[in-house]
$ cat run-v4.tsv   # TSV, C-alpha atoms
chain	number	residue	atom	x	y	z
A	1	MET	CA	-8.43	10.70	-21.27
A	2	LYS	CA	-4.75	11.53	-20.85
A	3	ALA	CA	-2.48	8.57	-21.56
A	4	PHE	CA	1.15	7.74	-20.80
A	5	LYS	CA	3.46	6.52	-23.55
A	6	GLY	CA	6.56	4.36	-23.27
A	7	ILE	CA	5.64	2.75	-19.94
A	8	ASN	CA	7.54	-0.53	-19.62
A	9	PHE	CA	7.07	-1.25	-15.90
A	10	ILE	CA	4.21	-0.61	-13.47
A	11	VAL	CA	4.55	-0.45	-9.69
A	12	PHE	CA	1.50	-0.82	-7.47
A	13	ASP	CA	0.82	0.01	-3.88
A	14	LEU	CA	-1.24	-2.68	-2.12
A	15	ASP	CA	-3.58	-1.48	0.64
A	16	GLY	CA	-6.10	1.01	-0.68
A	17	THR	CA	-4.92	0.48	-4.26
A	18	LEU	CA	-5.39	-3.20	-5.08
A	19	LEU	CA	-6.89	-4.38	-1.81
A	20	ASP	CA	-9.49	-3.03	0.59
A	21	SER	CA	-7.75	-4.22	3.74
A	22	VAL	CA	-9.08	-1.82	6.35
A	23	PRO	CA	-11.60	-4.25	7.91
A	24	ASP	CA	-8.86	-6.74	8.84
A	25	LEU	CA	-6.38	-4.07	9.91
A	26	ALA	CA	-8.98	-2.34	12.06
A	27	GLU	CA	-10.04	-5.62	13.68
A	28	ALA	CA	-6.43	-6.49	14.57
A	29	ALA	CA	-5.75	-2.97	15.88
A	30	ASP	CA	-8.93	-3.00	17.96
A	31	LYS	CA	-8.12	-6.41	19.45
A	32	THR	CA	-4.66	-5.09	20.30
A	33	MET	CA	-6.07	-2.09	22.12
A	34	GLN	CA	-8.55	-4.27	24.01
A	35	ALA	CA	-5.78	-6.67	25.05
A	36	LEU	CA	-3.82	-3.75	26.47
A	37	GLY	CA	-6.80	-2.14	28.17
A	38	ARG	CA	-6.56	0.90	25.88
A	39	PRO	CA	-9.43	2.80	24.21
A	40	ARG	CA	-10.88	0.85	21.30
A	41	VAL	CA	-10.47	1.95	17.68
A	42	THR	CA	-12.93	1.98	14.79
A	43	VAL	CA	-12.74	1.22	11.08
A	44	GLU	CA	-13.25	4.94	10.39
A	45	GLN	CA	-10.25	5.86	12.53
A	46	VAL	CA	-7.98	3.19	11.08
A	47	THR	CA	-8.92	4.25	7.55
A	48	THR	CA	-7.22	7.60	8.22
A	49	TRP	CA	-4.24	6.08	10.07
A	50	ILE	CA	-2.86	3.51	7.64
A	51	GLY	CA	-0.26	4.05	4.93
A	52	ASN	CA	2.97	4.52	6.86
A	53	GLY	CA	3.51	0.94	8.00
A	54	ALA	CA	2.42	-1.10	11.01
A	55	ASP	CA	4.62	0.63	13.60
A	56	ILE	CA	3.08	4.02	12.91
A	57	LEU	CA	-0.43	2.58	12.65
A	58	ILE	CA	-0.09	1.09	16.12
A	59	GLY	CA	1.48	4.28	17.43
A	60	ARG	CA	-1.54	6.18	16.16
A	61	ALA	CA	-3.93	3.67	17.70
A	62	LEU	CA	-2.18	3.99	21.07
A	63	SER	CA	-2.23	7.78	20.72
A	64	GLN	CA	-5.82	7.87	19.41
A	65	SER	CA	-4.55	10.39	16.86
A	66	ILE	CA	-2.86	10.60	13.49
A	67	GLU	CA	-0.05	12.34	15.37
A	68	VAL	CA	1.84	9.76	17.40
A	69	ASP	CA	2.39	10.86	20.99
A	70	PRO	CA	6.12	11.69	21.23
A	71	GLU	CA	6.08	10.49	24.87
A	72	LEU	CA	4.61	7.09	23.98
A	73	ASP	CA	6.32	4.33	25.97
A	74	PRO	CA	8.59	2.40	23.54
A	75	THR	CA	8.07	-0.84	25.46
A	76	LEU	CA	4.29	-0.48	25.23
A	77	HIS	CA	4.61	0.34	21.54
A	78	GLN	CA	6.70	-2.78	20.92
A	79	GLN	CA	4.28	-4.96	22.88
A	80	ALA	CA	1.34	-3.54	20.94
A	81	ARG	CA	3.07	-4.17	17.62
A	82	GLN	CA	3.70	-7.80	18.52
A	83	LEU	CA	0.07	-8.27	19.51
A	84	PHE	CA	-1.11	-6.57	16.33
A	85	ASP	CA	1.00	-8.85	14.15
A	86	ARG	CA	-0.38	-11.90	15.94
A	87	PHE	CA	-4.02	-10.80	15.69
A	88	TYR	CA	-3.61	-9.76	12.05
A	89	GLU	CA	-2.10	-13.11	11.10
A	90	GLU	CA	-4.62	-15.11	13.13
A	91	GLY	CA	-7.50	-13.30	11.43
A	92	GLY	CA	-6.44	-14.81	8.09
A	93	HIS	CA	-7.25	-11.58	6.25
A	94	GLN	CA	-10.73	-12.95	5.60
A	95	LYS	CA	-12.41	-9.54	5.45
A	96	SER	CA	-10.05	-8.03	2.85
A	97	ALA	CA	-11.11	-7.94	-0.80
A	98	LEU	CA	-9.74	-6.79	-4.13
A	99	TYR	CA	-11.31	-3.65	-5.51
A	100	ASP	CA	-13.51	-3.95	-8.58
A	101	GLY	CA	-11.57	-4.34	-11.80
A	102	VAL	CA	-8.22	-5.12	-10.17
A	103	LYS	CA	-7.83	-8.75	-11.18
A	104	GLU	CA	-9.03	-8.20	-14.74
A	105	THR	CA	-6.79	-5.17	-15.28
A	106	LEU	CA	-3.70	-6.87	-13.83
A	107	ALA	CA	-4.39	-9.88	-16.04
A	108	ALA	CA	-4.57	-7.63	-19.10
A	109	PHE	CA	-1.22	-5.99	-18.31
A	110	HIS	CA	0.31	-9.40	-17.63
A	111	GLN	CA	-0.99	-10.76	-20.92
A	112	ALA	CA	0.47	-7.72	-22.68
A	113	GLY	CA	3.87	-8.67	-21.28
A	114	ILE	CA	4.46	-5.69	-19.03
A	115	PRO	CA	6.38	-6.45	-15.81
A	116	MET	CA	4.72	-5.34	-12.57
A	117	ALA	CA	5.82	-4.99	-8.96
A	118	ILE	CA	4.36	-4.32	-5.54
A	119	VAL	CA	5.85	-1.61	-3.33
A	120	THR	CA	3.91	-1.39	-0.09
A	121	ASN	CA	4.59	-0.10	3.41
A	122	LYS	CA	2.85	-3.20	4.82
A	123	PRO	CA	5.28	-5.53	6.63
A	124	ALA	CA	6.71	-7.90	4.04
A	125	GLN	CA	5.78	-11.02	6.01
A	126	PHE	CA	2.07	-10.51	5.26
A	127	VAL	CA	2.26	-9.65	1.56
A	128	PRO	CA	2.89	-13.00	-0.22
A	129	HIS	CA	-0.03	-14.69	1.53
A	130	LEU	CA	-2.39	-11.86	0.57
A	131	LEU	CA	-1.32	-11.99	-3.05
A	132	GLU	CA	-1.74	-15.77	-3.15
A	133	GLN	CA	-5.07	-15.60	-1.34
A	134	HIS	CA	-6.46	-13.24	-3.97
A	135	GLU	CA	-4.84	-15.12	-6.86
A	136	ILE	CA	-2.71	-12.27	-8.16
A	137	ALA	CA	0.75	-13.36	-6.95
A	138	ASP	CA	1.88	-14.58	-10.38
A	139	TYR	CA	1.48	-11.13	-11.91
A	140	PHE	CA	4.40	-9.55	-10.03
A	141	VAL	CA	8.11	-9.90	-10.69
A	142	ASP	CA	9.07	-8.12	-7.46
A	143	VAL	CA	7.27	-7.73	-4.13
A	144	ILE	CA	8.71	-5.15	-1.76
A	145	GLY	CA	7.33	-4.63	1.74
A	146	GLY	CA	7.76	-1.78	4.17
A	147	ASP	CA	10.64	-3.50	5.93
A	148	THR	CA	12.36	-5.00	2.88
A	149	PHE	CA	14.73	-2.03	2.65
A	150	PRO	CA	15.97	0.47	5.24
A	151	LEU	CA	13.64	3.15	3.86
A	152	LYS	CA	9.97	3.01	2.92
A	153	LYS	CA	7.63	5.31	0.99
A	154	PRO	CA	7.53	8.30	0.70
A	155	ASP	CA	11.25	7.69	0.23
A	156	PRO	CA	11.94	6.61	-3.39
A	157	TYR	CA	14.50	3.95	-2.36
A	158	ALA	CA	12.43	0.98	-3.58
A	159	LEU	CA	11.57	2.67	-6.87
A	160	HIS	CA	15.21	3.49	-7.53
A	161	TRP	CA	16.11	-0.12	-6.69
A	162	LEU	CA	13.60	-1.39	-9.24
A	163	MET	CA	14.89	1.00	-11.91
A	164	GLU	CA	18.43	-0.20	-11.36
A	165	LYS	CA	17.48	-3.87	-11.28
A	166	HIS	CA	15.41	-3.71	-14.46
A	167	GLN	CA	17.55	-1.09	-16.24
A	168	LEU	CA	14.69	1.37	-16.53
A	169	ALA	CA	14.66	5.07	-17.17
A	170	ALA	CA	12.33	6.98	-14.85
A	171	SER	CA	10.14	7.81	-17.85
A	172	GLU	CA	9.50	4.09	-18.40
A	173	MET	CA	8.07	3.48	-14.92
A	174	LEU	CA	4.57	4.19	-13.63
A	175	MET	CA	3.62	4.18	-9.94
A	176	VAL	CA	-0.03	3.56	-9.04
A	177	GLY	CA	-1.21	4.36	-5.53
A	178	ASP	CA	-3.87	5.86	-3.33
A	179	SER	CA	-1.94	7.96	-0.80
A	180	ARG	CA	0.40	10.90	-0.71
A	181	ASN	CA	3.22	8.52	0.23
A	182	ASP	CA	2.90	6.93	-3.22
A	183	ILE	CA	2.77	10.27	-4.99
A	184	LEU	CA	5.73	11.69	-3.09
A	185	ALA	CA	7.84	8.57	-3.69
A	186	ALA	CA	7.11	8.64	-7.42
A	187	LYS	CA	7.86	12.35	-7.72
A	188	ALA	CA	11.13	11.89	-5.86
A	189	ALA	CA	12.02	9.09	-8.29
A	190	THR	CA	10.85	11.31	-11.18
A	191	CYS	CA	8.61	8.58	-12.59
A	192	TYR	CA	4.97	8.93	-13.61
A	193	VAL	CA	2.26	8.43	-11.03
A	194	VAL	CA	-1.47	7.73	-10.98
A	195	GLY	CA	-3.49	8.61	-7.89
A	196	LEU	CA	-6.64	6.62	-7.09
A	197	THR	CA	-9.46	8.41	-5.31
A	198	TYR	CA	-11.08	5.46	-3.52
A	199	GLY	CA	-8.28	4.40	-1.17
A	200	TYR	CA	-6.81	5.62	2.10
A	201	ASN	CA	-5.18	9.05	2.16
A	202	TYR	CA	-5.56	10.33	5.70
A	203	GLY	CA	-8.96	11.81	4.87
A	204	GLN	CA	-7.51	14.09	2.18
A	205	PRO	CA	-8.29	14.06	-1.57
A	206	ILE	CA	-5.51	12.42	-3.56
A	207	SER	CA	-5.66	15.28	-6.06
A	208	ALA	CA	-4.07	17.52	-3.41
A	209	SER	CA	-0.82	15.60	-3.90
A	210	GLU	CA	-0.92	16.39	-7.64
A	211	PRO	CA	-0.36	13.02	-9.32
A	212	ASP	CA	-0.02	13.04	-13.10
A	213	ILE	CA	-3.48	11.48	-13.46
A	214	VAL	CA	-6.32	10.97	-10.99
A	215	LEU	CA	-8.61	7.96	-11.52
A	216	ASP	CA	-11.83	6.98	-9.74
A	217	HIS	CA	-11.76	3.31	-10.77
A	218	PHE	CA	-8.90	0.84	-11.17
A	219	SER	CA	-10.09	-0.46	-14.53
A	220	LEU	CA	-9.57	3.01	-16.05
A	221	LEU	CA	-5.83	2.41	-15.71
A	222	ALA	CA	-5.86	0.28	-18.87
A	223	GLU	CA	-6.88	3.36	-20.86
A	224	THR	CA	-4.02	5.48	-19.55
A	225	VAL	CA	-1.10	3.21	-20.45
A	226	LYS	CA	0.16	2.86	-24.01
A	227	LEU	CA	2.60	0.01	-23.69
A	228	GLY	CA	6.04	0.31	-25.21
A	229	SER	CA	5.06	3.08	-27.62

$ encode --input "run-v4.tsv" --output "structure tokens"
Amino acid sequence: MKAFKGINFIVFDLDGTLLDSVPDLAEAADKTMQALGRPRVTVEQVTTWIGNGADILIGRALSQSIEVDPELDPTLHQQARQLFDRFYEEGGHQKSALYDGVKETLAAFHQAGIPMAIVTNKPAQFVPHLLEQHEIADYFVDVIGGDTFPLKKPDPYALHWLMEKHQLAASEMLMVGDSRNDILAAKAATCYVVGLTYGYNYGQPISASEPDIVLDHFSLLAETVKLGS
């Protein structure tokens, strides 16, 4: 298996990479649509709609399409987003679960002394609780949500910020994600990137975005990183 050398920092996406969160997101989106008297949404639909942040997810749910209706009422959109946030928080994220091998692999990287960060398009307010809930919060030196900075993935803003903060060359950083947003952000930042096949990528194979390595299981990541060499 191909392996990276000289990686001194790993950045992870959250939803679809570390955490299977679709059941909770779909439930909150469906409750939102019901509250507004709109057509209901399914887990299958939401699986292809997530990845660009909550505003776009709700826009897609209101539009019943991955393409947000350009004539969508902004007031309705804002109301729906507020309802979604409430339902998502009230649900307690009880249906979300870490993917197999995530906790063990993160623990191995942590024990090896490699710093790690989260860069997700999920609203930042929800991320710390999820990390604590699944007992992985202590593994990350930085946690960046979709509204932490003015720009979110696929823009490389957060990755550049991490490089500057930790004095990293692009060749020392690895991005790990499951969607084209992760791949595009990493390529724009000129760092290495692993694409995972099991997550959420708008119904498209992650290989189409041409990451440096494609993996079918999170635990295989430990074989691709040669730390500090």

$ residues_around --input "run-v4.tsv" --residues "stretch 87-90 of chain A" --least-positions-apart "2" --cutoff "10 Å" --atoms "only C-alpha atoms" --output "compact mmCIF listing (two decimals) with C-alpha atoms, in the coordinates of the input"
# COMPACT_ATOMS: atom_id res chain seq x y z
CA ASP A 24 -8.86 -6.74 8.84
CA LEU A 25 -6.38 -4.07 9.91
CA ALA A 26 -8.98 -2.34 12.06
CA GLU A 27 -10.04 -5.62 13.68
CA ALA A 28 -6.43 -6.49 14.57
CA ALA A 29 -5.75 -2.97 15.88
CA ASP A 30 -8.93 -3.00 17.96
CA LYS A 31 -8.12 -6.41 19.45
CA THR A 32 -4.66 -5.09 20.30
CA ARG A 81 3.07 -4.17 17.62
CA GLN A 82 3.70 -7.80 18.52
CA LEU A 83 0.07 -8.27 19.51
CA PHE A 84 -1.11 -6.57 16.33
CA ASP A 85 1.00 -8.85 14.15
CA GLY A 92 -6.44 -14.81 8.09
CA HIS A 93 -7.25 -11.58 6.25
CA GLN A 94 -10.73 -12.95 5.60
CA GLN A 125 5.78 -11.02 6.01
CA PHE A 126 2.07 -10.51 5.26
CA HIS A 129 -0.03 -14.69 1.53

$ closest_residue --input "run-v4.tsv" --among "A:Leu220, A:Ala186, A:Val225, A:Met173" --to "A:Asn8" --atoms "all atoms listed in the file"
A:Met173

$ residues_near_point --input "run-v4.tsv" --point "(1.8, -3.6, -10.7)" --cutoff "10 Å" --atoms "only C-alpha atoms" --output "PyMOL selection string"
chain A and resi 9-14+18+105-106+109-110+114-119+139-143+174-177

$ residues_around --input "run-v4.tsv" --residues "A:Asp69" --least-positions-apart "4" --cutoff "9 Å" --atoms "all atoms listed in the file" --output "VMD selection string"
chain A and resid 59 to 60 62 to 65

$ write_last_selection --input "run-v4.tsv" --atoms "C-alpha atoms" --output "mmCIF file, in the coordinates of the input"
data_model
loop_
_atom_site.group_PDB
_atom_site.id
_atom_site.type_symbol
_atom_site.label_atom_id
_atom_site.label_comp_id
_atom_site.auth_asym_id
_atom_site.auth_seq_id
_atom_site.Cartn_x
_atom_site.Cartn_y
_atom_site.Cartn_z
ATOM 1 C CA GLY A 59 1.480 4.280 17.430
ATOM 2 C CA ARG A 60 -1.540 6.180 16.160
ATOM 3 C CA LEU A 62 -2.180 3.990 21.070
ATOM 4 C CA SER A 63 -2.230 7.780 20.720
ATOM 5 C CA GLN A 64 -5.820 7.870 19.410
ATOM 6 C CA SER A 65 -4.550 10.390 16.860
#

$ residues_around --input "run-v4.tsv" --residues "A:Pro123" --least-positions-apart "2" --cutoff "6 Å" --atoms "only C-alpha atoms" --output "PyMOL selection string"
chain A and resi 125+145-147

$ closest_residue --input "run-v4.tsv" --among "A:Leu36, A:Leu19, A:Ala158, A:Leu131" --to "A:Lys95" --atoms "only C-alpha atoms"
A:Leu19

$ closest_residue --input "run-v4.tsv" --among "A:Gly203, A:Asp73, A:Trp161, A:Thr197" --to "A:Glu44" --atoms "all atoms listed in the file"
A:Gly203

$ residues_around --input "run-v4.tsv" --residues "A:Ala208" --least-positions-apart "6" --cutoff "12 Å" --atoms "all atoms listed in the file" --output "PyMOL selection string"
chain A and resi 178-180+183-184+195-197+201-202+214
